[in-house]
Structures are given as structure tokens and as C-alpha cells.
file entry_29.txt (compact mmCIF, C-alpha atoms)
# COMPACT_ATOMS: atom_id res chain seq x y z
CA MET W 1 -75.10 79.41 -26.66
CA VAL W 2 -71.84 78.19 -25.18
CA THR W 3 -69.30 76.60 -27.44
CA LEU W 4 -67.22 73.87 -25.74
CA PRO W 5 -64.11 72.10 -26.94
CA ILE W 6 -64.59 68.51 -27.91
CA ALA W 7 -62.67 67.32 -24.81
CA MET W 8 -65.10 69.15 -22.50
CA LEU W 9 -67.98 67.77 -24.55
CA GLU W 10 -66.75 64.22 -23.92
CA LEU W 11 -66.32 64.95 -20.22
CA ALA W 12 -69.87 66.34 -20.06
CA ALA W 13 -71.15 63.15 -21.65
CA CYS W 14 -69.37 61.12 -19.00
CA VAL W 15 -70.95 63.17 -16.20
CA VAL W 16 -74.44 62.89 -17.69
CA GLN W 17 -74.11 59.16 -18.23
CA LYS W 18 -72.77 58.61 -14.70
CA GLN W 19 -75.77 60.49 -13.22
CA ALA W 20 -78.16 58.52 -15.36
CA ILE W 21 -76.65 55.15 -14.34
CA GLU W 22 -76.70 56.08 -10.66
CA SER W 23 -80.34 57.34 -10.81
CA THR W 24 -81.86 54.52 -12.88
CA PRO W 25 -79.43 51.60 -13.08
CA GLU W 26 -82.21 49.20 -13.96
CA ALA W 27 -82.89 51.15 -17.18
CA PHE W 28 -79.36 50.49 -18.33
CA VAL W 29 -79.70 46.83 -17.47
CA THR W 30 -82.89 46.56 -19.58
CA GLY W 31 -81.55 48.79 -22.36
CA THR W 32 -84.28 51.53 -22.01
CA ALA W 33 -82.13 54.40 -20.77
CA PRO W 34 -81.68 57.39 -23.10
CA VAL W 35 -78.28 57.44 -24.75
CA PRO W 36 -76.57 60.81 -25.17
CA ARG W 37 -76.10 61.58 -28.85
CA LEU W 38 -74.40 64.20 -30.90
CA THR W 39 -77.18 65.76 -33.01
CA SER W 40 -76.41 68.84 -35.10
CA GLY W 41 -73.59 69.75 -32.79
CA VAL W 42 -75.70 69.46 -29.62
CA LEU W 43 -75.19 66.80 -26.88
CA THR W 44 -78.68 65.79 -25.82
CA SER W 45 -80.02 63.73 -22.93
CA GLN W 46 -82.94 63.71 -20.55
CA GLN W 47 -81.04 65.80 -18.03
CA SER W 48 -79.58 68.65 -20.10
CA THR W 49 -79.06 70.21 -23.48
CA VAL W 50 -75.70 71.72 -24.12
CA PRO W 51 -75.31 73.69 -27.39
CA VAL W 52 -72.02 73.03 -29.13
CA ARG W 53 -70.23 74.34 -32.16
CA PRO W 54 -71.94 72.97 -35.30
CA ALA W 55 -69.05 71.00 -36.72
CA PRO W 56 -69.00 67.38 -37.75
CA ILE W 57 -67.01 64.99 -35.56
CA GLN W 58 -64.96 62.41 -37.39
CA VAL W 59 -64.55 59.34 -35.24
CA SER W 60 -62.22 56.66 -36.50
CA PRO W 61 -63.37 53.09 -36.03
CA VAL W 62 -61.79 51.59 -32.92
CA ARG W 63 -61.46 47.86 -32.37
CA SER W 64 -63.39 47.32 -29.19
CA PRO W 65 -64.43 44.19 -27.32
CA LEU W 66 -67.97 45.49 -27.73
CA ILE W 67 -67.79 44.98 -31.51
CA PRO W 68 -67.90 41.25 -32.25
CA THR W 69 -65.03 40.02 -34.36
CA GLY W 70 -66.09 39.74 -37.95
CA SER W 71 -69.12 42.12 -37.56
CA THR W 72 -70.12 44.03 -40.69
CA GLY W 73 -71.43 46.98 -38.70
CA THR W 74 -69.56 50.24 -39.01
CA PRO W 75 -69.42 52.68 -36.08
CA THR W 76 -71.76 55.66 -36.68
CA GLY W 77 -69.95 58.11 -34.46
CA SER W 78 -72.25 57.51 -31.50
CA VAL W 79 -70.68 57.90 -28.10
CA THR W 80 -71.75 55.87 -25.08
CA VAL W 81 -70.29 55.31 -21.69
CA THR W 82 -69.03 52.08 -20.19
CA ALA W 83 -67.48 51.37 -16.88
CA SER W 84 -64.33 49.55 -15.99
CA ALA W 85 -65.16 46.59 -13.82
CA ARG W 86 -61.86 46.92 -11.93
CA ASN W 87 -61.44 50.64 -11.09
CA LYS W 88 -64.92 52.15 -11.78
CA LEU W 89 -63.53 54.91 -14.04
CA TYR W 90 -65.89 55.98 -16.81
CA PHE W 91 -64.77 56.65 -20.35
CA PRO W 92 -66.48 57.07 -23.76
CA GLU W 93 -66.11 54.38 -26.36
CA VAL W 94 -67.21 54.11 -29.98
CA VAL W 95 -69.99 51.53 -30.33
CA GLY W 96 -71.78 49.89 -33.18
CA PRO W 97 -75.31 50.56 -34.41
CA ASN W 98 -76.90 48.49 -31.60
CA PRO W 99 -75.94 50.17 -28.33
CA THR W 100 -78.55 48.26 -26.36
CA SER W 101 -76.96 44.89 -26.99
CA ALA W 102 -73.54 46.47 -26.49
CA LEU W 103 -74.60 47.82 -23.10
CA ALA W 104 -75.98 44.45 -22.15
CA ARG W 105 -72.64 42.94 -22.92
CA VAL W 106 -70.93 45.67 -20.89
CA ASN W 107 -73.16 44.95 -17.92
CA ALA W 108 -72.53 41.24 -18.29
CA GLN W 109 -68.84 41.97 -18.15
CA ILE W 110 -69.30 44.26 -15.14
CA ASN W 111 -71.41 41.74 -13.26
CA THR W 112 -69.06 38.83 -13.99
CA PRO W 113 -67.18 38.14 -10.78
CA VAL W 114 -63.47 38.57 -11.05
CA PRO W 115 -61.78 35.31 -10.14
CA THR W 116 -60.03 35.54 -6.85
CA ALA W 117 -56.48 34.24 -7.01
CA LEU W 118 -56.00 31.34 -4.67
CA PRO W 119 -53.27 31.79 -2.12
CA THR W 120 -50.00 30.46 -3.38
CA GLU W 121 -49.18 27.19 -1.68
CA PRO W 122 -45.59 26.58 -0.73
CA PRO W 123 -43.94 24.14 -3.11
CA THR W 124 -43.93 20.54 -2.02
CA PRO W 125 -40.47 19.86 -0.67
CA THR W 126 -38.43 17.37 -2.62
CA PRO W 127 -38.19 14.23 -0.53
CA VAL W 128 -34.70 13.57 0.77
CA PRO W 129 -33.54 10.24 -0.63
CA THR W 130 -32.67 7.57 1.87
CA ILE W 131 -28.94 7.02 1.91
CA VAL W 132 -28.35 3.36 1.25
CA PRO W 133 -24.97 2.09 2.39
CA ALA W 134 -22.73 1.08 -0.45
CA PRO W 135 -22.61 -2.65 -1.01
CA LEU W 136 -19.74 -4.53 0.44
CA PRO W 137 -16.81 -4.64 -1.95
CA THR W 138 -16.57 -7.74 -4.06
CA VAL W 139 -13.39 -9.58 -4.88
CA ALA W 140 -12.32 -9.44 -8.49
CA VAL W 141 -12.35 -12.81 -10.19
CA ASP W 142 -8.80 -13.86 -10.88
CA ASP W 143 -6.76 -17.03 -10.94
CA ALA W 144 -6.69 -17.12 -7.14
CA VAL W 145 -10.41 -17.88 -6.96
CA ARG W 146 -9.85 -21.40 -8.24
CA PHE W 147 -7.86 -22.22 -5.11
CA GLY W 148 -10.52 -21.45 -2.52
CA TYR W 149 -9.56 -22.58 0.97
CA LYS W 150 -7.41 -25.69 0.85
CA LEU W 151 -5.26 -27.43 3.41
CA GLY W 152 -2.65 -29.94 2.28
CA VAL W 153 0.73 -31.18 3.45
CA ASN W 154 4.36 -30.16 3.31
CA CYS W 155 6.47 -33.17 2.34
CA VAL W 156 10.05 -33.34 3.61
CA ASP W 157 11.17 -36.90 3.00
CA ASP W 158 14.68 -38.08 3.73
CA TYR W 159 14.65 -41.06 1.35
CA ASP W 160 12.48 -40.52 -1.68
CA VAL W 161 10.86 -37.14 -2.12
CA ARG W 162 8.21 -38.76 -4.27
CA SER W 163 7.07 -41.22 -1.64
CA GLY W 164 5.50 -38.85 0.84
CA ALA W 165 4.09 -36.54 -1.85
CA ASN W 166 2.62 -39.39 -3.89
CA TYR W 167 1.10 -40.99 -0.83
CA ALA W 168 -0.54 -37.72 0.23
CA ALA W 169 -1.79 -37.16 -3.31
CA SER W 170 -3.30 -40.63 -3.42
CA LEU W 171 -5.25 -39.81 -0.24
CA GLY W 172 -6.67 -36.71 -1.87
CA ALA W 173 -4.45 -33.93 -0.54
CA PRO W 174 -5.36 -30.71 -2.41
CA VAL W 175 -1.97 -29.08 -1.74
CA VAL W 176 1.49 -30.62 -1.70
CA VAL W 177 4.80 -28.84 -1.11
CA VAL W 178 7.67 -30.67 -2.80
CA TYR W 179 11.36 -30.10 -2.07
CA ILE W 180 14.55 -30.62 -4.02
CA SER W 181 13.27 -32.60 -7.02
CA LYS W 182 11.82 -30.46 -9.81
CA SER W 183 10.94 -33.57 -11.83
CA ALA W 184 8.91 -34.90 -8.88
CA ALA W 185 6.94 -31.63 -8.74
CA VAL W 186 6.27 -31.66 -12.49
CA GLU W 187 5.19 -35.31 -12.49
CA LEU W 188 2.84 -34.72 -9.56
CA LYS W 189 1.18 -31.76 -11.27
CA GLN W 190 0.81 -33.66 -14.50
CA ARG W 191 -0.76 -36.63 -12.70
CA TYR W 192 -3.02 -34.47 -10.50
CA PRO W 193 -3.75 -31.33 -12.53
CA ASN W 194 -6.23 -29.95 -9.96
CA MET W 195 -3.70 -30.17 -7.14
CA ILE W 196 -1.74 -27.13 -6.03
CA VAL W 197 1.92 -28.09 -6.30
CA VAL W 198 4.51 -25.88 -4.63
CA TYR W 199 8.17 -26.40 -5.43
CA ARG W 200 11.21 -25.30 -3.49
CA PRO W 201 14.77 -26.20 -4.55
CA PHE W 202 17.78 -26.22 -2.25
CA LEU W 203 18.53 -22.54 -1.67
CA ASN W 204 20.63 -22.44 1.49
CA ASP W 205 23.75 -21.41 -0.39
CA VAL W 206 22.14 -18.91 -2.80
CA GLY W 207 22.15 -15.88 -0.52
CA ASN W 208 20.91 -12.70 -2.21
CA ASN W 209 21.89 -13.81 -5.71
CA VAL W 210 18.59 -13.52 -7.57
CA GLY W 211 19.97 -14.93 -10.81
CA GLU W 212 21.13 -18.10 -9.05
CA LEU W 213 17.72 -18.44 -7.41
CA ILE W 214 15.95 -18.43 -10.78
CA LYS W 215 18.52 -20.89 -12.14
CA ARG W 216 17.70 -23.33 -9.32
CA TYR W 217 14.05 -23.37 -10.45
CA GLU W 218 15.13 -25.20 -13.64
CA LEU W 219 12.44 -23.48 -15.69
CA ALA W 220 11.32 -25.09 -18.93
CA PRO W 221 8.71 -23.99 -21.51
CA SER W 222 6.84 -27.26 -20.99
CA ASP W 223 6.45 -26.80 -17.23
CA PRO W 224 2.88 -27.02 -15.91
CA PRO W 225 1.64 -24.18 -13.66
CA LEU W 226 3.59 -24.39 -10.40
CA LEU W 227 4.08 -22.13 -7.39
CA TYR W 228 7.69 -21.42 -6.42
CA LEU W 229 8.92 -20.75 -2.90
CA GLY W 230 11.68 -18.23 -2.32
CA HIS W 231 13.97 -18.15 0.66
CA ASN W 232 12.73 -19.85 3.83
CA GLU W 233 12.47 -17.76 6.98
CA ASN W 234 15.86 -16.11 7.63
CA GLU W 235 18.15 -18.33 5.58
CA ILE W 236 19.02 -15.41 3.29
CA GLY W 237 20.98 -13.94 6.16
CA ILE W 238 18.91 -10.76 6.35
CA ASP W 239 17.17 -9.92 9.62
CA LEU W 240 13.64 -8.50 9.85
CA SER W 241 14.57 -5.06 11.08
CA PRO W 242 13.02 -2.22 9.03
CA ASP W 243 16.11 -2.10 6.79
CA GLY W 244 16.21 -5.88 6.59
CA VAL W 245 12.55 -6.00 5.53
CA ARG W 246 13.26 -3.52 2.74
CA ALA W 247 16.23 -5.56 1.52
CA ARG W 248 14.22 -8.79 1.65
CA ALA W 249 11.31 -7.15 -0.22
CA ALA W 250 13.63 -5.87 -2.94
CA PHE W 251 15.04 -9.38 -3.40
CA ASP W 252 11.56 -10.96 -3.53
CA ALA W 253 10.18 -8.40 -5.99
CA GLN W 254 13.14 -8.85 -8.33
CA ALA W 255 12.87 -12.65 -8.16
CA ALA W 256 9.11 -12.52 -8.79
CA GLN W 257 9.58 -10.32 -11.86
CA LEU W 258 12.31 -12.52 -13.34
CA LEU W 259 10.20 -15.62 -12.75
CA LYS W 260 7.14 -14.01 -14.36
CA ASP W 261 9.18 -12.88 -17.36
CA ARG W 262 10.54 -16.36 -18.00
CA GLN W 263 7.55 -18.46 -16.91
CA PRO W 264 4.29 -16.49 -17.22
CA ASN W 265 2.18 -19.27 -15.67
CA ALA W 266 4.33 -19.39 -12.53
CA ILE W 267 3.56 -17.77 -9.15
CA TYR W 268 6.27 -16.60 -6.77
CA LEU W 269 5.65 -17.05 -3.01
CA ALA W 270 7.57 -14.35 -1.16
CA GLY W 271 8.34 -13.97 2.51
CA SER W 272 8.03 -17.42 4.12
CA PHE W 273 8.37 -15.61 7.43
CA ALA W 274 8.68 -17.77 10.55
CA HIS W 275 5.62 -17.91 12.79
CA GLY W 276 5.47 -14.95 15.12
CA THR W 277 7.37 -12.68 12.72
CA PRO W 278 7.70 -9.93 11.49
CA ASP W 279 7.19 -7.64 14.48
CA PHE W 280 4.01 -5.86 13.42
CA THR W 281 3.91 -3.95 16.70
CA ASN W 282 6.89 -1.93 15.47
CA PRO W 283 5.62 1.02 13.38
CA ASP W 284 8.91 1.18 11.48
CA VAL W 285 8.58 -2.47 10.43
CA CYS W 286 5.01 -1.83 9.26
CA ARG W 287 6.18 1.23 7.34
CA ALA W 288 8.89 -0.80 5.63
CA ILE W 289 6.38 -3.49 4.63
CA ARG W 290 3.91 -0.86 3.43
CA GLU W 291 6.51 0.83 1.24
CA ALA W 292 8.50 -2.21 0.05
CA TYR W 293 6.20 -5.26 0.01
CA ALA W 294 2.67 -3.84 -0.39
CA PRO W 295 3.10 -2.46 -3.96
CA ALA W 296 4.36 -5.81 -5.28
CA TYR W 297 1.60 -7.71 -3.47
CA ASN W 298 -1.21 -5.34 -4.44
CA SER W 299 -0.19 -5.45 -8.12
CA GLY W 300 -0.32 -9.26 -8.15
CA LEU W 301 3.39 -9.61 -8.87
CA LEU W 302 3.88 -11.92 -5.91
CA TRP W 303 1.94 -13.78 -3.23
CA LEU W 304 2.94 -13.71 0.43
CA ASP W 305 3.78 -16.83 2.44
CA MET W 306 3.63 -16.78 6.25
CA HIS W 307 4.15 -19.76 8.52
CA ASN W 308 1.20 -19.70 10.88
CA TYR W 309 1.45 -22.46 13.44
CA THR W 310 -0.80 -22.68 16.47
CA LEU W 311 1.18 -21.83 19.56
CA GLY W 312 -0.16 -22.51 23.05
CA ARG W 313 -3.77 -22.57 21.91
CA ARG W 314 -6.39 -25.34 21.56
CA PHE W 315 -4.09 -28.07 22.77
CA PRO W 316 -5.36 -31.36 24.23
CA THR W 317 -6.57 -31.60 27.79
CA HIS W 318 -3.00 -31.57 29.11
CA PRO W 319 -1.07 -29.13 26.90
CA PRO W 320 2.72 -28.96 26.88
CA SER W 321 4.34 -27.07 29.71
CA GLY W 322 3.95 -23.32 29.41
CA ALA W 323 1.32 -23.46 26.67
CA GLY W 324 -1.00 -20.61 27.51
CA ILE W 325 -3.93 -19.11 25.61
CA VAL W 326 -2.69 -16.93 22.76
CA ASP W 327 -5.02 -15.03 20.44
CA ALA W 328 -5.05 -16.23 16.84
CA ILE W 329 -3.99 -12.82 15.51
CA TRP W 330 -0.49 -13.42 16.89
CA TYR W 331 0.02 -16.71 15.08
CA GLU W 332 -2.70 -18.36 12.94
CA ARG W 333 -4.01 -15.08 11.56
CA ARG W 334 -0.86 -13.00 11.87
CA TRP W 335 -1.27 -12.12 8.19
CA GLN W 336 -4.17 -9.86 9.23
CA TRP W 337 -1.68 -7.17 10.30
CA LEU W 338 -0.57 -6.83 6.69
CA PHE W 339 -4.01 -5.44 5.82
CA THR W 340 -4.85 -3.47 8.94
CA ASN W 341 -1.43 -1.87 9.46
CA CYS W 342 0.83 -2.41 6.46
CA GLY W 343 -1.03 -1.26 3.35
CA PHE W 344 -1.99 -4.59 1.78
CA SER W 345 -5.16 -4.36 -0.33
CA PRO W 346 -8.03 -6.41 1.11
CA THR W 347 -9.35 -7.15 -2.38
CA VAL W 348 -6.19 -9.08 -3.30
CA ARG W 349 -6.45 -12.61 -1.92
CA HIS W 350 -2.98 -14.06 -2.16
CA ILE W 351 -2.01 -15.14 1.37
CA VAL W 352 -0.69 -18.69 1.89
CA ALA W 353 1.03 -20.76 4.58
CA SER W 354 3.55 -23.25 3.24
CA GLU W 355 3.92 -24.42 6.83
CA THR W 356 1.12 -24.71 9.38
CA GLY W 357 -0.03 -27.00 12.16
CA VAL W 358 0.84 -27.06 15.86
CA GLU W 359 4.12 -25.87 17.30
CA ALA W 360 4.50 -27.69 20.58
CA GLY W 361 8.13 -26.83 21.09
CA SER W 362 9.23 -30.43 20.68
CA GLY W 363 7.11 -31.34 17.71
CA GLY W 364 3.77 -30.95 16.03
CA PHE W 365 0.54 -32.87 16.54
CA ALA W 366 2.45 -36.08 17.18
CA GLY W 367 4.80 -34.40 19.62
CA ALA W 368 1.89 -32.80 21.47
CA GLY W 369 0.07 -36.13 21.75
CA TYR W 370 -3.00 -35.24 19.67
CA THR W 371 -5.54 -37.95 19.01
CA GLU W 372 -7.32 -38.07 15.65
CA ALA W 373 -10.46 -36.66 17.26
CA GLN W 374 -8.46 -33.75 18.64
CA LEU W 375 -6.84 -33.19 15.26
CA THR W 376 -10.31 -33.13 13.70
CA ASP W 377 -11.30 -30.39 16.13
CA TRP W 378 -8.17 -28.44 15.22
CA LEU W 379 -8.85 -28.80 11.49
CA ILE W 380 -12.37 -27.45 11.92
CA ASP W 381 -11.12 -24.59 14.05
CA HIS W 382 -8.33 -23.79 11.61
CA ARG W 383 -10.76 -23.58 8.73
CA ARG W 384 -13.03 -21.25 10.70
CA THR W 385 -10.10 -19.12 11.84
CA GLN W 386 -8.64 -18.68 8.36
CA LEU W 387 -11.98 -18.09 6.64
CA THR W 388 -13.28 -15.51 9.12
CA PRO W 389 -13.83 -12.37 7.00
CA LEU W 390 -11.40 -9.51 7.22
CA VAL W 391 -12.86 -6.30 8.67
CA LEU W 392 -11.09 -3.13 7.61
CA ASN W 393 -12.31 0.43 8.22
CA GLY W 394 -15.85 -0.82 8.78
CA TRP W 395 -15.90 -2.91 5.59
CA THR W 396 -16.04 -6.68 5.52
CA TYR W 397 -13.96 -8.58 2.98
CA PRO W 398 -13.60 -12.28 2.24
CA SER W 399 -10.55 -13.77 3.86
CA PRO W 400 -7.43 -13.43 1.68
CA PHE W 401 -6.13 -16.79 2.90
CA ARG W 402 -5.88 -19.24 0.00
CA PHE W 403 -4.21 -22.42 1.25
CA GLY W 404 -1.97 -23.97 3.85
CA ALA W 405 0.27 -27.05 4.12
CA LEU W 406 0.57 -29.08 7.33
CA PHE W 407 4.18 -29.65 8.32
CA GLN W 408 5.19 -32.35 7.70
CA PHE W 409 4.19 -35.56 5.90
CA GLY W 410 6.83 -38.23 5.28
CA VAL W 411 9.88 -39.94 6.72
CA ASN W 412 12.28 -37.43 8.23
CA GLY W 413 14.47 -38.11 11.20
CA ARG W 414 14.92 -34.48 12.14
CA TRP W 415 11.22 -33.67 12.00
CA LYS W 416 9.74 -37.01 13.07
CA ASN W 417 7.72 -35.43 15.91
CA TYR W 418 5.87 -33.39 13.26
CA ASP W 419 5.05 -36.36 11.00
CA MET W 420 1.37 -36.36 10.02
CA ARG W 421 1.35 -40.00 9.00
CA GLY W 422 -0.83 -41.85 11.46
CA TYR W 423 -3.59 -39.21 11.18
CA GLU W 424 -4.79 -40.33 7.75
CA ALA W 425 -8.42 -40.81 8.79
CA ALA W 426 -8.78 -37.25 10.04
CA LEU W 427 -6.92 -35.87 7.01
CA VAL W 428 -8.99 -37.80 4.47
CA ALA W 429 -12.19 -36.60 6.15
CA GLU W 430 -10.94 -33.03 5.80
CA TRP W 431 -9.90 -33.46 2.19
CA ARG W 432 -13.27 -34.97 1.26
CA ARG W 433 -15.21 -32.21 3.00
call {"tool": "encode", "arguments": {"input": "entry_29.txt", "output": "C-alpha cells"}}
result
Amino acid sequence: MVTLPIAMLELAACVVQKQAIESTPEAFVTGTAPVPRLTSGVLTSQQSTVPVRPAPIQVSPVRSPLIPTGSTGTPTGSVTVTASARNKLYFPEVVGPNPTSALARVNAQINTPVPTALPTEPPTPTPVPTIVPAPLPTVAVDDAVRFGYKLGVNCVDDYDVRSGANYAASLGAPVVVVYISKSAAVELKQRYPNMIVVYRPFLNDVGNNVGELIKRYELAPSDPPLLYLGHNENEIGIDLSPDGVRARAAFDAQAAQLLKDRQPNAIYLAGSFAHGTPDFTNPDVCRAIREAYAPAYNSGLLWLDMHNYTLGRRFPTHPPSGAGIVDAIWYERRWQWLFTNCGFSPTVRHIVASETGVEAGSGGFAGAGYTEAQLTDWLIDHRRTQLTPLVLNGWTYPSPFRFGALFQFGVNGRWKNYDMRGYEAALVAEWRR
């Protein structure tokens, strides 16, 4: 009789069970195979009998998947053999009182195919969003919007300043520039509240005295909303060199601020540069405008006035001598340089022309011999030219041009070749458009 340690006994059971499964696997499937048992210290089976030391074996209950949860059966100490479905290693387990059903469950587990993991698919790439161009910038709604595009008249009348202005207003002129008489400007605005009334006092002797300029405006708390012209062209005695532009800008900004402080509903029209000026081809001039004028314009402190006559372009069949074809950017749309080269914001729409029309050298439309039909063509072309959108750095903006005034309307000996009277039919058609 050979006495074996319990560990060797368990190993012997594994060997016996493995041989039995390999020799008669169908018996284990049907539950008829002999099960090795510990009986009086001897491991018995059909294949062998191995005497062992007669000592009881205490086997603690082990929670096993072969014992249904909640079963009242208590393990009896029997030892059977099961197989791992994954690595085919054999090991003893404690089973309940019904080893046959337990073995059936083991075989069911062994014969259950192990799910094969599907190959991992690469993640679906996140679609790249289509880049939609940003919308074109919109113009902020401000008081300027109410003006739209308007074309009126500049009234310089030798006899009665009211005569030319009142006549134009009665015909429906949307813009009238009035000189000298503040009371005439106030009366006109009160009678025609939707009209744009621009007032300019006599300033030839003011020079760079800003306080005297404001005094000439004769401001009163009861004044209706008016637009006030500053110095005309170069009458201030300052040239348009880079240093001259800076001095002129400083004067205009100071005047605009004083006017705004004393008359909040007033608008100051700065510049009033003669047609063909300033010299925007000079980088130093553009730099001076960018640094001195642009901040005041962009903040809304002042508007900018530029005389933009047609010169040598779109004349009648027989234009004046020497009148060649000149691109509009040099005269009618000269203001465009302010935005493309001089730092003016394209979203601020405060460009005006207190003087416009045709400059024929010896007069305006009358001096150039325009017929009413030819004037009508010019009016249509002028509207299209001024309203053509501004393109800046690939962006398109509405034109900043607000209004113009044809020079001139009324009795004036000096400027009689510019007199617009006699073209009433064409003007009324434009004003009723």
C-alpha cells in the first residue's frame, strides 16, 4: 500500500479522468462514465485503484458556476474533473450531489463556441465642415441712413439768398446749400423738414480762429437740425502738403467738437477740398490724412466734403477744347482714395459733395452747352457712379456717398455760366425719381 499526499492524489485523479474522457468521450456526454471517488481513503475508478492514507478530507464549499445560484445542495466532498474551454487544462472542482447534470453543463459550456471578435473598424472620420464665406459686412443704422443718395443744388444768389433756395425747394430739391443768411436756412428747414439744408456763413476773414468760426454759425437752442460747412477749399490759407493737411485736420476736428458740444443735432462738414485735391498719389499726404482726419471721420465726429466735378468726361458730342477721357476715380469718385489708401472706415457713410456738376473750364452745364437730354444722361451716370459699391480688400460695401449739390442755382454774375436754371425739367425728373 502506497500512501500519497493529497496533492498527488488530486493529480492522479486528473490523469485518470483525462484518460477516461479521451477513451470514451461519449460516456461523459451522456453522463454514464464512472466518476472517481474518494472511498475510505482510496481513489477508485475503472482504470486503477490507488490505496491512500485513511484520513477524512475536509473540503470547504466553493462557489462554482456548476452550482446554481440559490441551490440547497451542499457539496459532499466528491471530486470531478472539468476542462477549461479556452486552454484545455484540467483541474478538480467541488461539485454538488448531481455530477451528471453538472458534467452536462460543463460539456455545454465546452461546446459553446467562443464568439470571435470582429475586426475593429477604423473610426468614421469626422466630416470636414464646408467653410462658408463670411457675409458681407452690413452698415450700422445711424442718422446717415435717412439721407440715402440725394442730389440737390448749391444756391449762390447775388440779390436775395432766399429766392434761389426757395425756388429750388418748390421744385422738390432734396438738398439745398444756403449761404450767408442763417435765418434763410432755418426758415427753409422749418418749411421743408425732410430737406437737407446746409448752411455756410461768410468765413473768408476767419482764418484759423475756431472760436470765430463757431460764432459765425449763430447757434441757437431752437435751431432745427442743420449741416454746417467749414472753410471752403483753400481759403483758410493752409496748403494741402502733408503738414498742411495735418493743420487743416486739427482745425476741422476742433470745430466739429465745439459745434457738437453746443448744438448736438448739428453736423460739421469738414474738408470742402477742391476737385482734384488732395494729392492721393503722395504717400505722405495719405499718411497725414490717415493719422489726422481718419480718426475724427471714423468716430462720427465729422463728415467729409469733397467737390467732385466731372472734368473732361461724358461731355456733349463736341466737348470743350482739351477735354479728354478721365477716369471717375480722379474726380467724381475721388473720395474712394480715402478708404483704399487713407484709413477711412468703409462702414461709415458720411461722404458728401457740397459742389458737383461739370467743370468745363469756362462754366458748368450751361457753359459746356448741355441740352436737357444730355443733362439727364449725366444725372443718370452720376447716380450710378456715386452708388457703385466700394470694394476694399475683397469685401464689398455700400457706397459711403450721401448727397451732392449741383453748383449753382440762382442769379450770380460771377458764376452765371454754371447757373442750373433753364434745366428745370431734367432736375424735376431727377428729384421725382
call {"tool": "residues_near_point", "arguments": {"input": "entry_29.txt", "point": "(14.7, -20.5, 0.4)", "cutoff": "10 Å", "atoms": "all atoms listed in the file", "output": "MDAnalysis selection string"}}
result
chainID W and resid 200:207 213 228:236 270:272
call {"tool": "closest_residue", "arguments": {"input": "entry_29.txt", "among": "W:Tyr199, W:Tyr167, W:Tyr268, W:Tyr293", "to": "Val245 in chain W", "atoms": "only C-alpha atoms"}}
result
W:Tyr293
call {"tool": "closest_residue", "arguments": {"input": "entry_29.txt", "among": "W:Val156, W:Leu406, W:Leu387, W:Ala255", "to": "Leu375 in chain W", "atoms": "only C-alpha atoms"}}
result
W:Leu406
call {"tool": "atom_distance", "arguments": {"input": "entry_29.txt", "atom1": "CA of Thr396 in chain W", "atom2": "CA of Pro346 in chain W"}}
result
9.1 Å
call {"tool": "atom_distance", "arguments": {"input": "entry_29.txt", "atom1": "CA of Asp243 in chain W", "atom2": "CA of Asn209 in chain W"}}
result
18.1 Å
call {"tool": "closest_residue", "arguments": {"input": "entry_29.txt", "among": "W:Ile351, W:Arg216, W:Ala429, W:Pro295", "to": "Leu269 in chain W", "atoms": "all atoms listed in the file"}}
result
W:Ile351
call {"tool": "atom_distance", "arguments": {"input": "entry_29.txt", "atom1": "CA of Arg421 in chain W", "atom2": "CA of Lys150 in chain W"}}
result
18.7 Å
call {"tool": "closest_residue", "arguments": {"input": "entry_29.txt", "among": "W:Glu359, W:Pro193, W:Leu151, W:Ala292", "to": "Arg432 in chain W", "atoms": "only C-alpha atoms"}}
result
W:Leu151
call {"tool": "closest_residue", "arguments": {"input": "entry_29.txt", "among": "W:Thr310, W:Asn166, W:Ser183, W:Asn417", "to": "Leu379 in chain W", "atoms": "all atoms listed in the file"}}
result
W:Thr310
call {"tool": "closest_residue", "arguments": {"input": "entry_29.txt", "among": "W:Ala173, W:Ile238, W:Ala373, W:Ile180", "to": "Phe273 in chain W", "atoms": "all atoms listed in the file"}}
result
W:Ile238
call {"tool": "residues_around", "arguments": {"input": "entry_29.txt", "residues": "Ala253 in chain W", "least_positions_apart": "4", "cutoff": "7 Å", "atoms": "all atoms listed in the file", "output": "list of chain:residue names"}}
result
W:Ala249, W:Gln257, W:Ala296
call {"tool": "residues_around", "arguments": {"input": "entry_29.txt", "residues": "Trp378 in chain W", "least_positions_apart": "6", "cutoff": "12 Å", "atoms": "only C-alpha atoms", "output": "list in words"}}
result
Tyr309, Thr310, Arg313, Arg314, Phe315, Pro316, Glu332, Thr356, Gly357, Val358, Phe365, Tyr370, Thr371, Glu372, Arg384, Thr385, Gln386, Leu406, Ala426, Leu427 and Glu430 of chain W
